[in-house]
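A short write-up of the structure that comes next.
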Amino acid sequence: MATTMTPLHPGTEAAAQACTFAIFGSDIPPVGPEDYGGSWRTALHVIAEEWVGEGRFERHAARTATALNELFATQRLFGVGSPEARADGTRLQPLIDRCRHFGITTADLRRHGARFPES
């Protein structure tokens with residue numbers, strides 16, 4: 001049996017659903033269709049509100065701050081361009097991307113303990 005793939009077009013329900021799963025991964029809280037009118041386009045806002053209500057933003061900011069501190073320690077120990085630092089940076093990237101999606105700022109990360117190196 002052949003399966004056809006529908007291309008994702010910006011603004012479509014399929015694109016909105018794919019975007020939701022790309023951003024949240026397995027962290028999507030249980031949200032029923034009645035909560036977002038059955039449209040994935042509005043699901044992001046509903047899920048973000050759930051995240052705030054459950055304290056997930058705060059936990060994510062704290063987890064990201066800890067990972068940043070580990071990266072900075074690795075950079076001091078092995079050097080900024082070292083394979084170890086690059087590996088830590090690669091592991092950190094999804095956390096940073098999620099911070100960007102939800103507007104978690106550098107100030108928020110500092111408030112959660114991130115110790116950015118002085119330039």
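Here's how to read the names in the structure tokens: chain A, B, ... by the order shown, residue numbers from 1 in each chain, ligand numbers from 1 in the order shown.
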Practice problem: Can you list, as an MDAnalysis selection string, all residues belonging to segment 36-114 of chain A that DSSP tags as alpha helix (DSSP H)? | Solution: chainID A and resid 40:54 56:78 83:102 106:111
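Proximity ranking of A:Cys99, A:Pro94, A:Leu71, A:Ala87 relative to Ala48 of chain A places A:Cys99 first, based on only C-alpha atoms.
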Practice problem: Rank A:Asp108, A:Glu50, A:Asp97, A:Glu84 by their smallest atom-to-atom distance to Glu70 of chain A, using only C-alpha atoms, and report the top residue only. | Solution: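 Closest candidate: A:Glu84.
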Self-check item: 10 Å contact set for Phe57 of chain A, only C-alpha atoms, chain neighbours under 6 positions out, as a PyMOL selection string
Solution: chain A and resi 48-51+63+98-99+102-104
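With atom CA of Glu118 of chain A on one side and atom CA of Leu92 of chain A on the other, the separation reads 19.8 Å.
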Quiz item: Could you state the separation of atom CA of Thr74 of chain A and atom CA of Pro117 of chain A in Å, given to one decimal place?
Solution: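 Value for the atom CA of Thr74 of chain A-atom CA of Pro117 of chain A distance: 12.4 Å.
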Quiz item: atom CA of Arg56 of chain A to atom CA of Phe21 of chain A: how many Å, to one decimal?
Solution: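 Atom-to-atom, atom CA of Arg56 of chain A to atom CA of Phe21 of chain A, that is 16.3 Å.
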Quiz prompt | Shortest interatomic distance to Thr105 of chain A - which of A:Val52, A:Ala65, A:Ala85, A:Leu77, counting only C-alpha atoms | solution = A:Ala65
Quiz item: If you count only C-alpha atoms, which residues fall within 9 Å of Ala62 of chain A, apart from same-chain ones fewer than 3 positions away, as a ChimeraX atom specification?
Solution: /A:57-59,65-67,108-109,111-114
